[in-house]
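Shown here: final.cif, mmCIF, C-alpha atoms and all ligand atoms.
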data_my_file
#
loop_
_atom_site.group_PDB
_atom_site.id
_atom_site.type_symbol
_atom_site.label_atom_id
_atom_site.label_comp_id
_atom_site.auth_asym_id
_atom_site.auth_seq_id
_atom_site.Cartn_x
_atom_site.Cartn_y
_atom_site.Cartn_z
ATOM 1 C CA MET A 1 90.082 109.928 90.518
ATOM 2 C CA LEU A 2 88.743 106.460 91.254
ATOM 3 C CA ASP A 3 86.474 107.116 94.234
ATOM 4 C CA GLY A 4 86.736 103.956 96.317
ATOM 5 C CA LYS A 5 84.644 105.440 99.084
ATOM 6 C CA ALA A 6 81.706 106.121 96.745
ATOM 7 C CA VAL A 7 81.840 102.728 95.009
ATOM 8 C CA ALA A 8 82.234 100.990 98.385
ATOM 9 C CA ALA A 9 79.041 102.719 99.561
ATOM 10 C CA LYS A 10 77.252 101.380 96.471
ATOM 11 C CA VAL A 11 78.543 97.833 97.070
ATOM 12 C CA ARG A 12 77.521 98.031 100.726
ATOM 13 C CA ALA A 13 74.015 99.132 99.761
ATOM 14 C CA GLU A 14 73.740 96.102 97.436
ATOM 15 C CA VAL A 15 75.039 93.856 100.212
ATOM 16 C CA ALA A 16 72.459 95.267 102.642
ATOM 17 C CA VAL A 17 69.629 94.331 100.241
ATOM 18 C CA ARG A 18 70.994 90.797 99.816
ATOM 19 C CA ALA A 19 71.534 90.485 103.582
ATOM 20 C CA ALA A 20 67.877 91.368 104.203
ATOM 21 C CA GLU A 21 66.688 88.830 101.581
ATOM 22 C CA LEU A 22 68.932 86.117 103.007
ATOM 23 C CA SER A 23 67.775 86.837 106.549
ATOM 24 C CA VAL A 24 64.232 85.924 105.466
ATOM 25 C CA LYS A 25 65.363 82.731 103.715
ATOM 26 C CA LEU A 26 67.678 81.584 106.503
ATOM 27 C CA GLY A 27 65.536 82.705 109.411
ATOM 28 C CA ARG A 28 68.591 84.468 110.835
ATOM 29 C CA ARG A 29 71.008 87.157 109.743
ATOM 30 C CA PRO A 30 74.110 86.141 107.780
ATOM 31 C CA GLY A 31 76.968 85.937 110.299
ATOM 32 C CA LEU A 32 80.577 87.082 110.161
ATOM 33 C CA ALA A 33 83.135 86.179 112.854
ATOM 34 C CA VAL A 34 86.121 88.525 113.056
ATOM 35 C CA VAL A 35 88.989 87.273 115.220
ATOM 36 C CA GLN A 36 91.826 89.459 116.471
ATOM 37 C CA VAL A 37 94.758 88.026 118.390
ATOM 38 C CA GLY A 38 96.913 90.499 120.298
ATOM 39 C CA GLU A 39 96.812 94.276 120.136
ATOM 40 C CA ASP A 40 98.536 95.411 116.966
ATOM 41 C CA PRO A 41 97.173 98.990 116.753
ATOM 42 C CA ALA A 42 96.723 99.057 112.957
ATOM 43 C CA SER A 43 94.919 95.691 113.086
ATOM 44 C CA GLY A 44 92.721 97.083 115.847
ATOM 45 C CA VAL A 45 91.529 99.879 113.553
ATOM 46 C CA TYR A 46 90.873 97.502 110.625
ATOM 47 C CA VAL A 47 89.031 94.995 112.816
ATOM 48 C CA ARG A 48 86.772 97.661 114.368
ATOM 49 C CA ASN A 49 85.961 98.993 110.891
ATOM 50 C CA LYS A 50 85.109 95.513 109.614
ATOM 51 C CA ARG A 51 82.825 94.704 112.557
ATOM 52 C CA LYS A 52 81.078 98.077 112.354
ATOM 53 C CA ALA A 53 80.582 97.782 108.576
ATOM 54 C CA ALA A 54 79.126 94.280 108.992
ATOM 55 C CA ALA A 55 76.645 95.394 111.645
ATOM 56 C CA GLU A 56 75.595 98.425 109.547
ATOM 57 C CA THR A 57 74.882 96.132 106.599
ATOM 58 C CA GLY A 58 72.595 93.752 108.494
ATOM 59 C CA ILE A 59 75.220 91.064 109.018
ATOM 60 C CA ALA A 60 75.500 89.586 112.520
ATOM 61 C CA SER A 61 79.005 90.324 113.766
ATOM 62 C CA PHE A 62 80.674 87.861 116.133
ATOM 63 C CA ALA A 63 83.735 89.417 117.792
ATOM 64 C CA TYR A 64 86.589 87.394 119.261
ATOM 65 C CA ASP A 65 89.480 89.299 120.866
ATOM 66 C CA LEU A 66 92.152 86.968 122.143
ATOM 67 C CA PRO A 67 95.274 87.889 124.114
ATOM 68 C CA ALA A 68 98.686 87.869 122.407
ATOM 69 C CA THR A 69 99.588 84.936 124.676
ATOM 70 C CA THR A 70 96.992 82.677 122.971
ATOM 71 C CA SER A 71 98.528 79.376 121.893
ATOM 72 C CA GLU A 72 98.201 78.024 118.381
ATOM 73 C CA ALA A 73 96.169 75.091 119.731
ATOM 74 C CA GLU A 74 93.698 77.495 121.373
ATOM 75 C CA LEU A 75 93.349 79.547 118.179
ATOM 76 C CA LEU A 76 92.885 76.394 116.072
ATOM 77 C CA ALA A 77 90.238 75.194 118.543
ATOM 78 C CA LEU A 78 88.330 78.473 118.130
ATOM 79 C CA VAL A 79 88.534 78.197 114.333
ATOM 80 C CA GLY A 80 87.197 74.638 114.609
ATOM 81 C CA ARG A 81 84.239 75.817 116.718
ATOM 82 C CA LEU A 82 83.475 78.617 114.250
ATOM 83 C CA ASN A 83 83.674 76.135 111.349
ATOM 84 C CA ARG A 84 80.913 74.111 113.035
ATOM 85 C CA ASP A 85 78.844 77.085 114.231
ATOM 86 C CA GLU A 86 75.664 77.257 112.127
ATOM 87 C CA ARG A 87 75.216 80.987 112.816
ATOM 88 C CA VAL A 88 78.608 81.808 111.331
ATOM 89 C CA ASP A 89 78.839 82.033 107.526
ATOM 90 C CA GLY A 90 82.197 83.787 107.326
ATOM 91 C CA ILE A 91 85.390 83.620 109.411
ATOM 92 C CA LEU A 92 88.171 86.191 109.307
ATOM 93 C CA VAL A 93 91.330 85.954 111.402
ATOM 94 C CA GLN A 94 93.102 89.306 111.181
ATOM 95 C CA LEU A 95 96.760 89.182 110.124
ATOM 96 C CA PRO A 96 99.509 89.577 111.137
ATOM 97 C CA LEU A 97 99.334 87.133 114.046
ATOM 98 C CA PRO A 98 101.606 87.582 117.076
ATOM 99 C CA ALA A 99 105.005 85.872 116.923
ATOM 100 C CA GLY A 100 104.793 82.148 117.592
ATOM 101 C CA LEU A 101 101.474 81.641 115.781
ATOM 102 C CA ASP A 102 101.737 80.168 112.290
ATOM 103 C CA ALA A 103 99.346 82.103 110.030
ATOM 104 C CA THR A 104 99.519 79.449 107.313
ATOM 105 C CA ARG A 105 98.324 76.698 109.658
ATOM 106 C CA VAL A 106 95.515 78.920 110.934
ATOM 107 C CA MET A 107 94.341 79.942 107.438
ATOM 108 C CA ASP A 108 94.454 76.301 106.317
ATOM 109 C CA ALA A 109 92.188 75.357 109.243
ATOM 110 C CA ILE A 110 89.343 77.668 108.159
ATOM 111 C CA ASP A 111 86.548 75.887 106.265
ATOM 112 C CA PRO A 112 87.046 77.067 102.629
ATOM 113 C CA ALA A 113 83.265 77.645 102.435
ATOM 114 C CA LYS A 114 83.588 80.203 105.273
ATOM 115 C CA ASP A 115 86.902 81.710 104.126
ATOM 116 C CA VAL A 116 85.727 85.283 103.474
ATOM 117 C CA ASP A 117 89.350 86.477 103.078
ATOM 118 C CA GLY A 118 89.820 84.035 100.190
ATOM 119 C CA PHE A 119 93.213 83.058 101.644
ATOM 120 C CA HIS A 120 92.630 79.295 101.915
ATOM 121 C CA PRO A 121 94.594 77.304 99.311
ATOM 122 C CA VAL A 122 91.316 75.855 97.976
ATOM 123 C CA ASN A 123 90.010 79.338 97.178
ATOM 124 C CA THR A 124 93.377 80.446 95.767
ATOM 125 C CA GLY A 125 93.446 77.290 93.642
ATOM 126 C CA LEU A 126 89.906 77.840 92.348
ATOM 127 C CA LEU A 127 90.822 81.397 91.341
ATOM 128 C CA ALA A 128 93.966 80.099 89.610
ATOM 129 C CA GLN A 129 91.772 77.656 87.656
ATOM 130 C CA LYS A 130 89.332 80.379 86.509
ATOM 131 C CA ARG A 131 86.609 79.049 88.851
ATOM 132 C CA PRO A 132 86.537 81.859 91.426
ATOM 133 C CA ALA A 133 84.582 81.124 94.619
ATOM 134 C CA LEU A 134 85.399 83.334 97.622
ATOM 135 C CA ARG A 135 87.838 85.897 96.207
ATOM 136 C CA PRO A 136 90.508 87.873 98.135
ATOM 137 C CA CYS A 137 88.941 91.205 99.062
ATOM 138 C CA THR A 138 91.500 93.794 97.928
ATOM 139 C CA PRO A 139 92.177 92.272 94.474
ATOM 140 C CA HIS A 140 88.439 91.755 93.957
ATOM 141 C CA GLY A 141 87.967 95.397 94.997
ATOM 142 C CA VAL A 142 90.385 96.527 92.274
ATOM 143 C CA ILE A 143 88.425 94.566 89.658
ATOM 144 C CA ARG A 144 85.077 95.935 90.876
ATOM 145 C CA LEU A 145 86.384 99.522 90.949
ATOM 146 C CA ALA A 146 87.698 99.189 87.368
ATOM 147 C CA ALA A 147 84.323 97.796 86.252
ATOM 148 C CA GLU A 148 82.412 100.667 87.885
ATOM 149 C CA TYR A 149 84.477 103.205 85.928
ATOM 150 C CA GLY A 150 84.184 101.296 82.639
ATOM 151 C CA ILE A 151 87.891 100.420 82.522
ATOM 152 C CA ALA A 152 87.946 97.353 80.238
ATOM 153 C CA LEU A 153 90.903 95.273 81.435
ATOM 154 C CA ARG A 154 90.880 92.704 78.622
ATOM 155 C CA GLY A 155 94.018 93.053 76.478
ATOM 156 C CA LEU A 156 95.643 95.710 78.660
ATOM 157 C CA LYS A 157 99.223 95.408 79.881
ATOM 158 C CA ALA A 158 99.001 95.152 83.668
ATOM 159 C CA THR A 159 101.859 95.305 86.146
ATOM 160 C CA VAL A 160 101.492 94.272 89.783
ATOM 161 C CA VAL A 161 104.252 95.445 92.118
ATOM 162 C CA GLY A 162 104.367 93.081 95.091
ATOM 163 C CA ALA A 163 103.844 89.324 95.182
ATOM 164 C CA SER A 164 102.334 88.609 98.615
ATOM 165 C CA ASN A 165 99.747 85.879 99.166
ATOM 166 C CA ILE A 166 97.267 88.521 100.400
ATOM 167 C CA VAL A 167 97.436 90.989 97.519
ATOM 168 C CA GLY A 168 100.081 90.641 94.791
ATOM 169 C CA ARG A 169 99.571 87.006 93.777
ATOM 170 C CA PRO A 170 95.763 86.892 93.875
ATOM 171 C CA MET A 171 95.789 90.295 92.120
ATOM 172 C CA ALA A 172 97.775 88.780 89.251
ATOM 173 C CA LEU A 173 95.243 85.917 89.061
ATOM 174 C CA GLU A 174 92.303 88.350 89.047
ATOM 175 C CA LEU A 175 93.865 90.454 86.272
ATOM 176 C CA LEU A 176 94.557 87.299 84.275
ATOM 177 C CA LEU A 177 90.938 86.208 84.764
ATOM 178 C CA ALA A 178 89.880 89.648 83.497
ATOM 179 C CA GLY A 179 91.951 89.131 80.320
ATOM 180 C CA ALA A 180 94.899 91.442 81.012
ATOM 181 C CA THR A 181 98.494 90.578 80.086
ATOM 182 C CA VAL A 182 100.107 90.413 83.505
ATOM 183 C CA THR A 183 103.585 91.109 84.888
ATOM 184 C CA VAL A 184 104.382 90.639 88.576
ATOM 185 C CA CYS A 185 107.329 92.487 90.173
ATOM 186 C CA HIS A 186 108.951 91.209 93.364
ATOM 187 C CA THR A 187 112.234 91.440 95.237
ATOM 188 C CA GLY A 188 113.995 89.538 92.444
ATOM 189 C CA THR A 189 112.833 91.943 89.720
ATOM 190 C CA ARG A 190 115.848 93.682 88.148
ATOM 191 C CA ASP A 191 114.203 96.846 86.820
ATOM 192 C CA VAL A 192 110.884 97.672 88.499
ATOM 193 C CA ARG A 193 110.821 101.108 86.869
ATOM 194 C CA ALA A 194 110.917 99.620 83.364
ATOM 195 C CA GLU A 195 108.028 97.266 84.219
ATOM 196 C CA VAL A 196 105.965 100.132 85.679
ATOM 197 C CA GLU A 197 106.667 102.383 82.665
ATOM 198 C CA ARG A 198 105.049 99.829 80.349
ATOM 199 C CA ALA A 199 101.945 99.349 82.479
ATOM 200 C CA GLU A 200 98.538 100.438 81.190
ATOM 201 C CA VAL A 201 97.180 99.152 84.499
ATOM 202 C CA LEU A 202 99.333 99.401 87.600
ATOM 203 C CA VAL A 203 98.600 97.837 90.980
ATOM 204 C CA ALA A 204 101.018 98.928 93.699
ATOM 205 C CA ALA A 205 101.122 96.579 96.695
ATOM 206 C CA VAL A 206 104.607 97.111 98.070
ATOM 207 C CA GLY A 207 104.034 98.545 101.532
ATOM 208 C CA ARG A 208 106.608 101.350 101.194
ATOM 209 C CA ALA A 209 105.665 105.027 101.125
ATOM 210 C CA HIS A 210 106.047 106.567 97.654
ATOM 211 C CA PHE A 211 108.032 103.611 96.299
ATOM 212 C CA ILE A 212 106.520 104.225 92.847
ATOM 213 C CA ARG A 213 107.636 107.601 91.427
ATOM 214 C CA GLY A 214 105.162 109.767 89.596
ATOM 215 C CA GLU A 215 107.449 110.034 86.562
ATOM 216 C CA TRP A 216 107.332 106.230 86.062
ATOM 217 C CA ILE A 217 103.598 106.271 85.328
ATOM 218 C CA LYS A 218 102.584 105.711 81.702
ATOM 219 C CA PRO A 219 100.419 108.598 80.493
ATOM 220 C CA GLY A 220 96.749 107.563 80.668
ATOM 221 C CA ALA A 221 97.380 104.526 82.869
ATOM 222 C CA ALA A 222 94.910 103.269 85.483
ATOM 223 C CA VAL A 223 96.713 103.269 88.838
ATOM 224 C CA PHE A 224 95.462 101.274 91.840
ATOM 225 C CA ASP A 225 97.376 102.034 95.038
ATOM 226 C CA VAL A 226 96.931 99.367 97.710
ATOM 227 C CA GLY A 227 99.607 100.817 100.039
ATOM 228 C CA ILE A 228 98.759 102.098 103.501
ATOM 229 C CA ASN A 229 101.919 103.706 104.892
ATOM 230 C CA HIS A 230 102.854 106.611 107.131
ATOM 231 C CA ASP A 231 105.292 109.158 105.713
ATOM 232 C CA SER A 232 107.990 110.889 107.819
ATOM 233 C CA SER A 233 105.428 113.407 109.163
ATOM 234 C CA GLY A 234 103.010 110.615 110.123
ATOM 235 C CA LYS A 235 100.560 111.295 107.280
ATOM 236 C CA LEU A 236 98.763 108.317 105.671
ATOM 237 C CA VAL A 237 100.180 107.779 102.166
ATOM 238 C CA GLY A 238 100.158 105.082 99.514
ATOM 239 C CA ASP A 239 102.912 103.277 97.619
ATOM 240 C CA VAL A 240 102.602 105.745 94.727
ATOM 241 C CA GLU A 241 103.761 109.371 94.760
ATOM 242 C CA TYR A 242 100.210 110.652 94.371
ATOM 243 C CA ARG A 243 100.467 114.212 93.011
ATOM 244 C CA PRO A 244 102.961 113.686 90.179
ATOM 245 C CA ALA A 245 101.376 110.309 89.352
ATOM 246 C CA ALA A 246 97.908 111.881 89.163
ATOM 247 C CA GLU A 247 99.178 114.379 86.566
ATOM 248 C CA ARG A 248 100.088 111.514 84.224
ATOM 249 C CA ALA A 249 97.540 108.817 85.063
ATOM 250 C CA GLY A 250 94.173 108.493 83.352
ATOM 251 C CA TRP A 251 92.745 107.055 86.555
ATOM 252 C CA ILE A 252 94.154 106.832 90.060
ATOM 253 C CA THR A 253 92.937 105.732 93.500
ATOM 254 C CA PRO A 254 93.600 108.083 96.430
ATOM 255 C CA VAL A 255 95.002 106.970 99.807
ATOM 256 C CA PRO A 256 92.949 107.064 101.962
ATOM 257 C CA GLY A 257 89.605 106.636 100.177
ATOM 258 C CA GLY A 258 90.611 104.119 97.520
ATOM 259 C CA LEU A 259 91.132 100.400 98.058
ATOM 260 C CA GLY A 260 90.716 100.631 101.858
ATOM 261 C CA PRO A 261 86.936 101.101 101.783
ATOM 262 C CA MET A 262 86.667 98.769 98.765
ATOM 263 C CA THR A 263 88.404 95.973 100.693
ATOM 264 C CA ILE A 264 85.840 96.184 103.501
ATOM 265 C CA ALA A 265 82.936 96.332 101.042
ATOM 266 C CA MET A 266 84.184 93.213 99.229
ATOM 267 C CA LEU A 267 84.572 91.435 102.585
ATOM 268 C CA LEU A 268 80.881 92.079 103.314
ATOM 269 C CA SER A 269 80.041 90.905 99.814
ATOM 270 C CA ASN A 270 81.997 87.682 100.490
ATOM 271 C CA ALA A 271 80.137 87.137 103.759
ATOM 272 C CA ILE A 272 76.832 87.303 101.860
ATOM 273 C CA GLU A 273 78.227 85.114 99.088
ATOM 274 C CA ALA A 274 79.326 82.529 101.674
ATOM 275 C CA ALA A 275 75.891 82.585 103.326
ATOM 276 C CA ALA A 276 74.121 82.239 99.968
ATOM 277 C CA ARG A 277 76.386 79.371 98.911
ATOM 278 C CA ARG A 278 75.719 77.535 102.167
ATOM 279 C CA GLU A 279 72.011 77.957 101.563
ATOM 280 C CA ARG A 280 72.326 76.800 97.948
ATOM 281 C CA PRO A 281 75.682 75.126 97.246
ATOM 282 C CA PRO A 282 77.344 76.268 93.983
ATOM 283 C CA GLU A 283 78.048 74.129 90.912
ATOM 284 C CA ASN A 284 81.828 74.166 91.389
HETATM 285 N N1 LIG B 1 95.787 92.052 107.270
HETATM 286 C C1 LIG B 1 95.953 92.967 106.302
HETATM 287 N N2 LIG B 1 95.008 92.821 105.358
HETATM 288 C C2 LIG B 1 94.246 91.785 105.731
HETATM 289 C C3 LIG B 1 93.098 91.160 105.180
HETATM 290 O O1 LIG B 1 92.595 91.516 104.115
HETATM 291 N N3 LIG B 1 92.589 90.134 105.902
HETATM 292 C C4 LIG B 1 93.124 89.707 107.055
HETATM 293 N N4 LIG B 1 92.559 88.680 107.666
HETATM 294 N N5 LIG B 1 94.182 90.258 107.599
HETATM 295 C C5 LIG B 1 94.737 91.303 106.945
#
Render the structure in this file as structure tokens.
Ligand code: GUN
Amino acid sequence: MLDGKAVAAKVRAEVAVRAAELSVKLGRRPGLAVVQVGEDPASGVYVRNKRKAAAETGIASFAYDLPATTSEAELLALVGRLNRDERVDGILVQLPLPAGLDATRVMDAIDPAKDVDGFHPVNTGLLAQKRPALRPCTPHGVIRLAAEYGIALRGLKATVVGASNIVGRPMALELLLAGATVTVCHTGTRDVRAEVERAEVLVAAVGRAHFIRGEWIKPGAAVFDVGINHDSSGKLVGDVEYRPAAERAGWITPVPGGLGPMTIAMLLSNAIEAAARRERPPEN
């Protein structure tokens, strides 16, 4: 089992040390603004966890909770203020946004140097060009988890199921950067099972409970399950049928306790990275 909770605790401890060092250099704590618009209950849980994790790590957490009736102009004005706010090193606007707000326009408005989600096209483009700056948290978490367990990705056949801007696409870019041979499955893919059966590394980011059958898993494969779904009885489950998959896999992440905690840990790491880069701008 790939213990995301344990590795996340290790990453957070490293972040706490760097946060303390940076606080001395900057004369203030590194700052992370987390913005939630509306009251999506799942988002509420994620946002609380992110703010709490930041505070526990020695990062100043700036909370903005806006009503679902917020206009796009008001949200863009807040992003503009946070871009200019010297105390704020990282800005995260939780997705999804309520209907009527264009997430693309909002993400594009965030200063790429403060884009701790790594969703801005500048950061996506830098990752695509093998010059990673602020890297999307869940894909970066997969790479870090593999590294912690000594899973050498170079040369492996990797399949990503899902092609979203948040996970699937940046995941493919991260695996490519790590030297894997990458296949991405999406709604146009004719035979997802065949692509999964070949995979020595599988990343499931579909968003459908148990979409990936245990019997599809290649024996010995490393399986990273990004899914957070509720099954018919309301239990939290991933995109992979865990039990039968675990019998075949060499490595597998549980849900919960896999990429969830890793995503938050990598967000904190990005906040520190953003603060450090503002203090000492990078070469790229
Ligand atoms: N919604 C689901 N995952 C994420 C994430 O990683 N960042 C943001 N901002 N919103 C999300």
Inset, instruction - Take the point (84.7, 81.4, 112.7) in the file's coordinates, draw a sphere of radius 7 Å around it, and report as a VMD selection string every protein, DNA or RNA residue with an atom inside or on it, counting only C-alpha atoms. - result: chain A and resid 33 79 81 to 83 88 90 to 92
Inset, instruction - Determine the residue membership of the PyMOL selection byres (((chain A and resi 19) around 10) and not hetatm) for the file above and supply it as a ChimeraX atom specification. - result: /A:13-18,20-25,28-31,57-60,268-269,271-273,275-276
Store the residues picked out above in a file with C-alpha atoms, as an mmCIF file, keeping the file's coordinate frame.
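Writing the result to again-v2.cif gives the following:
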data_model
loop_
_atom_site.group_PDB
_atom_site.id
_atom_site.type_symbol
_atom_site.label_atom_id
_atom_site.label_comp_id
_atom_site.auth_asym_id
_atom_site.auth_seq_id
_atom_site.Cartn_x
_atom_site.Cartn_y
_atom_site.Cartn_z
ATOM 1 C CA ALA A 13 74.015 99.132 99.761
ATOM 2 C CA GLU A 14 73.740 96.102 97.436
ATOM 3 C CA VAL A 15 75.039 93.856 100.212
ATOM 4 C CA ALA A 16 72.459 95.267 102.642
ATOM 5 C CA VAL A 17 69.629 94.331 100.241
ATOM 6 C CA ARG A 18 70.994 90.797 99.816
ATOM 7 C CA ALA A 20 67.877 91.368 104.203
ATOM 8 C CA GLU A 21 66.688 88.830 101.581
ATOM 9 C CA LEU A 22 68.932 86.117 103.007
ATOM 10 C CA SER A 23 67.775 86.837 106.549
ATOM 11 C CA VAL A 24 64.232 85.924 105.466
ATOM 12 C CA LYS A 25 65.363 82.731 103.715
ATOM 13 C CA ARG A 28 68.591 84.468 110.835
ATOM 14 C CA ARG A 29 71.008 87.157 109.743
ATOM 15 C CA PRO A 30 74.110 86.141 107.780
ATOM 16 C CA GLY A 31 76.968 85.937 110.299
ATOM 17 C CA THR A 57 74.882 96.132 106.599
ATOM 18 C CA GLY A 58 72.595 93.752 108.494
ATOM 19 C CA ILE A 59 75.220 91.064 109.018
ATOM 20 C CA ALA A 60 75.500 89.586 112.520
ATOM 21 C CA LEU A 268 80.881 92.079 103.314
ATOM 22 C CA SER A 269 80.041 90.905 99.814
ATOM 23 C CA ALA A 271 80.137 87.137 103.759
ATOM 24 C CA ILE A 272 76.832 87.303 101.860
ATOM 25 C CA GLU A 273 78.227 85.114 99.088
ATOM 26 C CA ALA A 275 75.891 82.585 103.326
ATOM 27 C CA ALA A 276 74.121 82.239 99.968
#
Legend entry - d(atom CA of A:Gly150, atom CA of A:Val201) in Å: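 Computing it gives 13.3 Å between the two atoms.
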Legend entry - Picked residues, the PyMOL selection byres (((chain A and resi 267) around 9) and not hetatm), as a PyMOL selection string: chain A and resi 50+54+116-117+136-138+262-266+268-272
Legend entry - Interatomic distance (Å, one decimal) between atom CA of A:Leu76 and atom CA of A:Gly260: 28.2 Å
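With distances restricted to all atoms listed in the file, A:Asp115 is the closest residue to ligand LIG 1 (chain B) from A:Asp115, A:Glu195, A:Asp225, A:Asp102.
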Legend entry - Selection: 12 Å around A:Val192, all atoms listed in the file, excl. self and same-chain fewer than 2 positions, as a PyMOL selection string: chain A and resi 159-162+183-190+194-199+202+204+206+211-213+216-217
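Residue nearest ligand LIG 1 (chain B) within the list A:Gln129, A:Pro254, A:Leu259, A:His230: A:Leu259 [criterion: smallest interatomic distance, all atoms listed in the file].
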Inset, instruction - Enter the distance from atom CA of A:Gly155 to atom CA of A:Phe224, in Å, rounded to one decimal. - result: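 So the two atoms, atom CA of A:Gly155 and atom CA of A:Phe224, lie 17.5 Å apart.
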Legend entry - Shortest interatomic distance to A:Gly227 - which of A:Asn49, A:Thr253, A:Asn165, A:Asn123, counting only C-alpha atoms: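 Of A:Asn49, A:Thr253, A:Asn165, A:Asn123, the one nearest A:Gly227 is A:Thr253, counting only C-alpha atoms.
Between ligand LIG 1 (chain B) and the residues A:Ala222, A:Leu95, A:Ala178, A:Ala245, the shortest atom-to-atom distance, using only C-alpha atoms and all ligand atoms, involves A:Leu95.
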Resolved residues for the PyMOL selection byres (((chain A and resi 242) around 10) and not hetatm) as a PDB file with C-alpha atoms, in the frame of the given file:
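Written file, result_29.pdb:
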ATOM      1  CA  HIS A 210     106.047 106.567  97.654  1.00  0.00           C
ATOM      2  CA  ILE A 212     106.520 104.225  92.847  1.00  0.00           C
ATOM      3  CA  ARG A 213     107.636 107.601  91.427  1.00  0.00           C
ATOM      4  CA  GLY A 214     105.162 109.767  89.596  1.00  0.00           C
ATOM      5  CA  VAL A 223      96.713 103.269  88.838  1.00  0.00           C
ATOM      6  CA  ASP A 225      97.376 102.034  95.038  1.00  0.00           C
ATOM      7  CA  VAL A 237     100.180 107.779 102.166  1.00  0.00           C
ATOM      8  CA  GLY A 238     100.158 105.082  99.514  1.00  0.00           C
ATOM      9  CA  ASP A 239     102.912 103.277  97.619  1.00  0.00           C
ATOM     10  CA  VAL A 240     102.602 105.745  94.727  1.00  0.00           C
ATOM     11  CA  GLU A 241     103.761 109.371  94.760  1.00  0.00           C
ATOM     12  CA  ARG A 243     100.467 114.212  93.011  1.00  0.00           C
ATOM     13  CA  PRO A 244     102.961 113.686  90.179  1.00  0.00           C
ATOM     14  CA  ALA A 245     101.376 110.309  89.352  1.00  0.00           C
ATOM     15  CA  ALA A 246      97.908 111.881  89.163  1.00  0.00           C
ATOM     16  CA  GLU A 247      99.178 114.379  86.566  1.00  0.00           C
ATOM     17  CA  ALA A 249      97.540 108.817  85.063  1.00  0.00           C
ATOM     18  CA  ILE A 252      94.154 106.832  90.060  1.00  0.00           C
ATOM     19  CA  THR A 253      92.937 105.732  93.500  1.00  0.00           C
ATOM     20  CA  PRO A 254      93.600 108.083  96.430  1.00  0.00           C
ATOM     21  CA  VAL A 255      95.002 106.970  99.807  1.00  0.00           C
TER      22      VAL A 255
END
Legend entry - Nearest residue to A:Gly141 from the set A:Ile228, A:Leu175, A:Val47, A:Ala209 (distances using only C-alpha atoms):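 Among the listed residues, the smallest separation from A:Gly141 belongs to A:Leu175.
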